[in-house]
Every structure is written in C-alpha cells, then in structure tokens.
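Novice: Structure supplied as data-v6.cif; contents: mmCIF, C-alpha atoms.
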```
data_protein
loop_
_atom_site.label_atom_id
_atom_site.label_comp_id
_atom_site.auth_asym_id
_atom_site.auth_seq_id
_atom_site.Cartn_x
_atom_site.Cartn_y
_atom_site.Cartn_z
CA MET A 13 101.29 124.04 79.24
CA HIS A 14 103.77 121.23 79.72
CA LYS A 15 103.02 118.72 82.48
CA GLY A 16 106.62 118.29 83.70
CA ARG A 17 106.51 120.80 86.56
CA LEU A 18 103.16 119.47 87.78
CA GLU A 19 104.58 115.93 87.93
CA ALA A 20 107.77 117.01 89.70
CA PHE A 21 105.92 119.14 92.25
CA SER A 22 103.39 116.41 92.98
CA ASP A 23 106.11 113.78 93.43
CA GLY A 24 107.92 116.07 95.85
CA VAL A 25 104.82 116.77 97.93
CA LEU A 26 103.90 113.08 98.16
CA ALA A 27 107.46 112.21 99.20
CA ILE A 28 107.28 114.81 101.97
CA ILE A 29 103.90 113.45 103.12
CA ILE A 30 105.37 109.97 103.55
CA THR A 31 108.41 111.38 105.33
CA ILE A 32 106.22 113.29 107.81
CA MET A 33 104.21 110.15 108.54
CA VAL A 34 107.22 107.98 109.31
CA LEU A 35 108.57 110.61 111.70
CA ASP A 36 105.56 109.90 113.91
CA LEU A 37 106.93 106.41 114.57
CA LYS A 38 108.83 107.20 117.77
CA THR A 39 111.61 104.82 118.79
CA PRO A 40 110.91 103.26 122.22
CA HIS A 41 113.53 103.75 124.94
CA GLU A 42 112.94 100.31 126.45
CA THR A 43 114.69 97.19 125.17
CA GLU A 44 111.81 94.78 125.77
CA LEU A 45 109.73 93.69 122.80
CA GLU A 46 106.66 94.58 124.83
CA SER A 47 107.48 98.24 124.28
CA LEU A 48 106.67 97.78 120.58
CA TYR A 49 103.15 96.68 121.48
CA HIS A 50 102.25 100.21 122.46
CA LEU A 51 103.32 101.39 119.01
CA ALA A 52 100.94 98.99 117.24
CA PRO A 53 98.10 101.51 116.65
CA THR A 54 100.55 104.12 115.33
CA PHE A 55 102.30 101.55 113.12
CA PHE A 56 99.01 100.21 111.72
CA SER A 57 97.85 103.77 110.98
CA TYR A 58 101.16 104.44 109.21
CA VAL A 59 100.94 101.28 107.09
CA LEU A 60 97.36 102.04 106.02
CA SER A 61 98.18 105.65 105.16
CA PHE A 62 101.38 104.64 103.37
CA LEU A 63 99.29 102.32 101.18
CA TYR A 64 96.84 105.11 100.38
CA VAL A 65 99.53 107.65 99.52
CA GLY A 66 101.29 104.99 97.43
CA ILE A 67 98.06 104.20 95.58
CA TYR A 68 97.48 107.88 94.83
CA TRP A 69 101.06 108.30 93.63
CA ASN A 70 100.79 105.22 91.41
CA ASN A 71 97.50 106.29 89.83
CA HIS A 72 98.62 109.90 89.52
CA HIS A 73 101.75 108.72 87.71
CA HIS A 74 99.76 106.59 85.25
CA LEU A 75 97.23 109.36 84.73
CA LEU A 76 99.88 111.87 83.73
CA GLN A 77 101.66 109.30 81.56
CA VAL A 78 98.67 109.33 79.21
CA SER A 79 98.14 113.09 79.49
CA ARG A 80 99.70 115.35 76.88
CA ARG A 81 99.22 118.81 78.38
CA VAL A 82 97.75 120.73 81.31
CA ASN A 83 96.08 124.10 81.89
CA GLY A 84 95.32 126.36 84.83
CA SER A 85 92.22 124.43 85.87
CA ILE A 86 94.22 121.21 85.97
CA LEU A 87 96.93 122.83 88.08
CA TRP A 88 94.35 123.94 90.65
CA ALA A 89 92.59 120.56 90.57
CA ASN A 90 95.96 118.90 91.23
CA LEU A 91 96.62 121.26 94.15
CA HIS A 92 93.18 120.34 95.48
CA VAL A 93 94.21 116.67 95.53
CA LEU A 94 97.52 117.47 97.24
CA PHE A 95 95.76 119.60 99.86
CA TRP A 96 93.63 116.71 101.09
CA LEU A 97 96.50 114.23 100.86
CA SER A 98 98.67 116.60 102.92
CA LEU A 99 96.18 116.20 105.80
CA ILE A 100 96.71 112.42 105.92
CA PRO A 101 99.81 112.60 108.20
CA PHE A 102 97.89 114.64 110.79
CA MET A 103 94.89 112.31 110.76
CA THR A 104 97.19 109.28 110.79
CA GLY A 105 98.98 110.53 113.91
CA TRP A 106 95.68 111.39 115.61
CA MET A 107 94.26 107.91 114.99
CA GLY A 108 97.37 106.19 116.28
CA ALA A 109 97.68 108.41 119.36
CA THR A 110 94.04 107.81 120.38
CA ASN A 111 93.99 104.07 119.61
CA PHE A 112 91.44 104.58 116.83
CA GLY A 113 88.86 106.68 118.65
CA TRP A 114 85.67 107.19 116.67
CA GLN A 115 86.25 110.91 116.08
CA PRO A 116 89.80 110.53 114.67
CA VAL A 117 88.63 107.62 112.50
CA LEU A 118 85.73 109.76 111.26
CA GLY A 119 88.12 112.61 110.46
CA TYR A 120 90.43 110.18 108.67
CA GLY A 121 87.52 108.91 106.58
CA ILE A 122 86.47 112.44 105.65
CA VAL A 123 90.01 113.21 104.45
CA LEU A 124 90.06 109.99 102.40
CA LEU A 125 86.66 110.78 100.89
CA MET A 126 87.64 114.33 99.99
CA SER A 127 90.92 113.05 98.49
CA ASN A 128 88.88 110.62 96.38
CA ILE A 129 86.50 113.35 95.24
CA ALA A 130 89.39 115.72 94.49
CA TYR A 131 91.08 113.04 92.38
CA SER A 132 87.84 112.53 90.44
CA ILE A 133 87.75 116.27 89.76
CA LEU A 134 91.36 116.13 88.52
CA VAL A 135 90.48 113.28 86.15
CA ALA A 136 87.47 115.24 84.85
CA ALA A 137 89.61 118.36 84.30
CA LEU A 138 92.18 116.36 82.35
CA LYS A 139 89.48 114.68 80.25
CA ALA A 140 87.98 118.06 79.41
CA HIS A 141 91.38 119.25 78.18
CA HIS A 142 91.94 116.24 75.87
CA SER A 143 90.05 114.89 72.89
CA PRO A 144 87.42 112.14 73.40
CA ASP A 145 89.59 109.63 71.50
CA SER A 146 92.83 110.48 73.31
CA PRO A 147 94.83 107.86 75.24
CA LEU A 148 93.72 109.62 78.43
CA ALA A 149 90.03 109.24 77.57
CA LEU A 150 90.56 105.55 76.79
CA ALA A 151 92.48 104.99 80.03
CA VAL A 152 89.80 106.46 82.31
CA LYS A 153 86.76 105.29 80.35
CA ASP A 154 85.90 102.55 82.85
CA ASN A 155 85.63 104.18 86.29
CA ARG A 156 83.92 101.36 88.17
CA LYS A 157 86.72 101.06 90.72
CA GLN A 158 86.51 104.78 91.39
CA ASN A 159 82.75 104.62 91.90
CA VAL A 160 82.95 101.58 94.16
CA SER A 161 85.65 103.17 96.32
CA LEU A 162 83.64 106.41 96.59
CA PHE A 163 80.55 104.46 97.67
CA LEU A 164 82.45 102.41 100.28
CA ASN A 165 84.24 105.49 101.59
CA ALA A 166 80.96 107.39 101.96
CA ALA A 167 79.29 104.37 103.61
CA ALA A 168 82.14 104.07 106.11
CA LEU A 169 81.45 107.51 107.62
CA PRO A 170 78.04 106.77 109.25
CA LEU A 171 79.22 103.26 110.15
CA ASP A 172 81.94 104.85 112.26
CA PHE A 173 79.19 105.82 114.75
CA VAL A 174 78.36 102.11 115.09
CA HIS A 175 82.00 101.09 115.59
CA PRO A 176 85.27 102.55 114.22
CA ALA A 177 86.51 99.04 113.39
CA ILE A 178 83.83 98.72 110.70
CA SER A 179 85.03 101.91 109.02
CA LEU A 180 88.66 100.82 109.25
CA ALA A 181 87.76 97.48 107.68
CA LEU A 182 86.14 99.29 104.75
CA TYR A 183 89.20 101.53 104.32
CA ILE A 184 91.34 98.39 104.14
CA VAL A 185 88.97 96.89 101.54
CA ILE A 186 89.22 100.05 99.43
CA ALA A 187 93.01 99.94 99.60
CA LEU A 188 93.02 96.27 98.57
CA ILE A 189 90.76 97.08 95.60
CA TRP A 190 93.27 99.63 94.34
CA LEU A 191 96.28 97.40 95.05
CA VAL A 192 95.04 95.12 92.27
CA PRO A 193 96.91 96.39 89.18
CA ASP A 194 94.79 98.36 86.70
CA ARG A 195 95.65 96.43 83.54
CA ARG A 196 93.56 98.80 81.43
CA MET A 197 95.60 101.82 82.45
CA GLU A 198 98.91 99.97 82.06
CA LYS A 199 97.86 98.72 78.61
CA VAL A 200 96.99 102.21 77.41
CA CYS A 201 100.24 103.59 78.85
CA SER A 202 102.19 100.88 77.05
CA GLU A 203 100.41 101.34 73.73
CA HIS A 204 100.30 105.14 73.72
CA GLY A 205 103.23 106.17 75.89
CA SER A 206 105.35 107.08 72.91
CA ALA A 207 102.40 108.93 71.36
CA THR A 208 101.98 111.24 74.36
CA SER A 209 105.64 112.15 74.29
CA SER A 210 105.72 112.74 70.56
CA GLY A 211 102.90 115.26 70.45
CA HIS A 212 99.67 113.32 69.91
CA ALA A 213 96.83 114.48 72.18
#
```
Take the structure in this file and express it as structure tokens.
Specialist:
Amino acid sequence: MHKGRLEAFSDGVLAIIITIMVLDLKTPHETELESLYHLAPTFFSYVLSFLYVGIYWNNHHHLLQVSRRVNGSILWANLHVLFWLSLIPFMTGWMGATNFGWQPVLGYGIVLLMSNIAYSILVAALKAHHSPDSPLALAVKDNRKQNVSLFLNAAALPLDFVHPAISLALYIVIALIWLVPDRRMEKVCSEHGSATSSGHA
C-alpha cells in the first residue's frame, strides 16, 4: 500500500492536537501583567507538550521519508501512536490546571512513555516490511537515543512520588535530547530520498 494517506492523516491529527492544546490558553480579562502569572503553569505545560508533539511530527516525517510502502500492521501501529499522542492535550491541561500536582504529572509521564513505546512498535513494523539493506533499515539502525529516552521516561515515573519537579526535569531533558538534529536520519533521507520515490525498497 502507498504511504500517502497515512502521512496526510497523521499530519492532520497532529495539527489538531496542537490546536486543541493552544485553546487551553485562556486570555485573561485583567489588563495587569500580574494576571499572566497565573497562566504560567498552563503556558509551561503547553510549551513542553508542543515540543513533544513537534518532535514526534519531525521524526515521523523523516521515518516515512525513507519508507517505501506500508501494510495493515503499519496502519494500526501508526494509529496506536496517534492514540497516545491524542491524550497529550488532556494531560497538558490537567497539569496546568493543578499547578503540576503529582498525579497529573504521573499521568502525563505515562502518556509520554506509552507514546514512546508505540513509536518503537511503529518503527519495528516498518522495518519488518522493508529489506535489511533498505534506506529505512539504515536510518533506524542506531537507536541509542530511543533507548535512552525510554529509560529516562520510565525512571521519571517512580521519581514523581519523590517530587513532580524531578519528573518534569527528566521530561525536559528527553525533549532536549531529541531537539538535537539526527544527522544520521537526515543523511539517509538526503542520500536515498529519490530512491524511495522511484521504487527502491
């Protein structure tokens, strides 16, 4: 099956997720700058979640750039990723509204961890559908960043019981790790982009 509809649908869902999140930023009715102070937790939650959704969109885009085709398993694996990402706006709003209570932060971390796991499953499904020497296989060969982020995300959950700020700090660290451009993926996309569009698997 062609990957075009999967890409278009995923882009649309991620755009809606970001739109829902920004709608939670309510405009204050007061004119004093102090009124913005009360929005700080909600704004910080939005910025962090925006970064995560942006990171997933960026990596999803690169992943499909080096993918030639999809099948039913890949479609369901992709929906699995979108399901967990679609919960981010709810958890983002809950964290902001409760000033980062430990239970909302724990729920947020669980959603991030499940999103991470779901993305790993999507990568595995795509690899299984392509040859071992395909551009896709080369692009995802080194998964150290994925493993590190999974470890930190899992470690952040029990640390939330110590203090939510520790978990939030780890979520920021994970985001910063993924903000560093993945030169390996970009190199493969650049070298094999024309190949994936011309029919080479």
Novice: For CA of His14 in chain A and CA of Met126 in chain A, determine how far apart the two atoms are, in Å to one decimal place.
Specialist: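 Interatomic distance, CA of His14 in chain A to CA of Met126 in chain A: 26.8 Å.
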Novice: Would you be able to write out as an MDAnalysis selection string which residues have an atom within 12 Å of (90.8, 112.9, 89.2) in the file's coordinates, counting all atoms listed in the file?
Specialist: chainID A and resid 68 71:76 86:94 126:140 148 152 155 158:159
Novice: Include C-alpha atoms and write out the residues we just selected as a PDB file, keeping the file's coordinate frame.
Specialist:
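And here's selection.pdb as it stands now:
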```pdb
ATOM      1  CA  TYR A  68      97.480 107.880  94.830  1.00  0.00           C
ATOM      2  CA  ASN A  71      97.500 106.290  89.830  1.00  0.00           C
ATOM      3  CA  HIS A  72      98.620 109.900  89.520  1.00  0.00           C
ATOM      4  CA  HIS A  73     101.750 108.720  87.710  1.00  0.00           C
ATOM      5  CA  HIS A  74      99.760 106.590  85.250  1.00  0.00           C
ATOM      6  CA  LEU A  75      97.230 109.360  84.730  1.00  0.00           C
ATOM      7  CA  LEU A  76      99.880 111.870  83.730  1.00  0.00           C
ATOM      8  CA  ILE A  86      94.220 121.210  85.970  1.00  0.00           C
ATOM      9  CA  LEU A  87      96.930 122.830  88.080  1.00  0.00           C
ATOM     10  CA  TRP A  88      94.350 123.940  90.650  1.00  0.00           C
ATOM     11  CA  ALA A  89      92.590 120.560  90.570  1.00  0.00           C
ATOM     12  CA  ASN A  90      95.960 118.900  91.230  1.00  0.00           C
ATOM     13  CA  LEU A  91      96.620 121.260  94.150  1.00  0.00           C
ATOM     14  CA  HIS A  92      93.180 120.340  95.480  1.00  0.00           C
ATOM     15  CA  VAL A  93      94.210 116.670  95.530  1.00  0.00           C
ATOM     16  CA  LEU A  94      97.520 117.470  97.240  1.00  0.00           C
ATOM     17  CA  MET A 126      87.640 114.330  99.990  1.00  0.00           C
ATOM     18  CA  SER A 127      90.920 113.050  98.490  1.00  0.00           C
ATOM     19  CA  ASN A 128      88.880 110.620  96.380  1.00  0.00           C
ATOM     20  CA  ILE A 129      86.500 113.350  95.240  1.00  0.00           C
ATOM     21  CA  ALA A 130      89.390 115.720  94.490  1.00  0.00           C
ATOM     22  CA  TYR A 131      91.080 113.040  92.380  1.00  0.00           C
ATOM     23  CA  SER A 132      87.840 112.530  90.440  1.00  0.00           C
ATOM     24  CA  ILE A 133      87.750 116.270  89.760  1.00  0.00           C
ATOM     25  CA  LEU A 134      91.360 116.130  88.520  1.00  0.00           C
ATOM     26  CA  VAL A 135      90.480 113.280  86.150  1.00  0.00           C
ATOM     27  CA  ALA A 136      87.470 115.240  84.850  1.00  0.00           C
ATOM     28  CA  ALA A 137      89.610 118.360  84.300  1.00  0.00           C
ATOM     29  CA  LEU A 138      92.180 116.360  82.350  1.00  0.00           C
ATOM     30  CA  LYS A 139      89.480 114.680  80.250  1.00  0.00           C
ATOM     31  CA  ALA A 140      87.980 118.060  79.410  1.00  0.00           C
ATOM     32  CA  LEU A 148      93.720 109.620  78.430  1.00  0.00           C
ATOM     33  CA  VAL A 152      89.800 106.460  82.310  1.00  0.00           C
ATOM     34  CA  ASN A 155      85.630 104.180  86.290  1.00  0.00           C
ATOM     35  CA  GLN A 158      86.510 104.780  91.390  1.00  0.00           C
ATOM     36  CA  ASN A 159      82.750 104.620  91.900  1.00  0.00           C
TER      37      ASN A 159
END
```
Novice: At a cut-off of 12 Å, using only C-alpha atoms, what residues contact Gly16 in chain A? Leave out same-chain residues fewer than 4 positions from it and give the result as a list in words.
Specialist: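 Counting only the stated atoms, we get Ala20, Phe21, Ser22, Asp23, His73, Leu76, Gln77, Ser79, Arg80, Arg81, Val82, Leu87 and Ser209 of chain A.
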Novice: CA of Ile178 in chain A and CA of Trp114 in chain A, how far apart in Å?
Specialist: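 According to the coordinates, CA of Trp114 in chain A and CA of Ile178 in chain A are separated by 10.5 Å.
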Novice: Between A:Leu60, A:Val78, A:Met107, A:Val123, which one has atoms that come closest to Asp145 in chain A, using all atoms listed in the file?
Specialist: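 Going through A:Leu60, A:Val78, A:Met107, A:Val123 one by one, the smallest distance to Asp145 in chain A is for A:Val78.
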Novice: Apply the PyMOL selection byres ((chain A and resi 182) around 12) to the structure shown and report the selected residues as JSON, numbers by chain.
Specialist: {"A": [60, 117, 121, 124, 160, 161, 162, 163, 164, 165, 166, 167, 168, 169, 170, 171, 172, 175, 176, 177, 178, 179, 180, 181, 183, 184, 185, 186, 187, 188, 189]}
Novice: Would you mind telling me which residue in A:Lys38, A:Phe173, A:Asp154, A:Lys15 lies nearest to Asn83 in chain A when using only C-alpha atoms?
Specialist: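 Looking at the shortest contact to Asn83 in chain A, the residue is A:Lys15.
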Novice: Suppose you want the space between CA of Val65 in chain A and CA of Ser146 in chain A; what is it in Å?
Specialist: 27.2 Å
Novice: Any idea what's packed within 12 Å of Phe55 in chain A, counting all atoms listed in the file, ignoring anything in its chain fewer than 6 positions away? Could you give it as an MDAnalysis selection string?
Specialist: chainID A and resid 33:39 48:49 61:62 104:105 107:109 111:112
Novice: For C-alpha atoms, I'd like the residues from the last selection saved as a short mmCIF file (atom, residue, chain, number, x, y, z; two decimals), in the frame of the given file.
Specialist:
```
data_model
loop_
_atom_site.label_atom_id
_atom_site.label_comp_id
_atom_site.auth_asym_id
_atom_site.auth_seq_id
_atom_site.Cartn_x
_atom_site.Cartn_y
_atom_site.Cartn_z
CA MET A 33 104.21 110.15 108.54
CA VAL A 34 107.22 107.98 109.31
CA LEU A 35 108.57 110.61 111.70
CA ASP A 36 105.56 109.90 113.91
CA LEU A 37 106.93 106.41 114.57
CA LYS A 38 108.83 107.20 117.77
CA THR A 39 111.61 104.82 118.79
CA LEU A 48 106.67 97.78 120.58
CA TYR A 49 103.15 96.68 121.48
CA SER A 61 98.18 105.65 105.16
CA PHE A 62 101.38 104.64 103.37
CA THR A 104 97.19 109.28 110.79
CA GLY A 105 98.98 110.53 113.91
CA MET A 107 94.26 107.91 114.99
CA GLY A 108 97.37 106.19 116.28
CA ALA A 109 97.68 108.41 119.36
CA ASN A 111 93.99 104.07 119.61
CA PHE A 112 91.44 104.58 116.83
#
```
Novice: Point out the residue among A:Leu45, A:Leu51, A:Leu125, A:Ile29 with the least atom-to-atom distance to Thr110 in chain A, counting only C-alpha atoms.
Specialist: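 Closest residue, counting only C-alpha atoms: A:Leu51.
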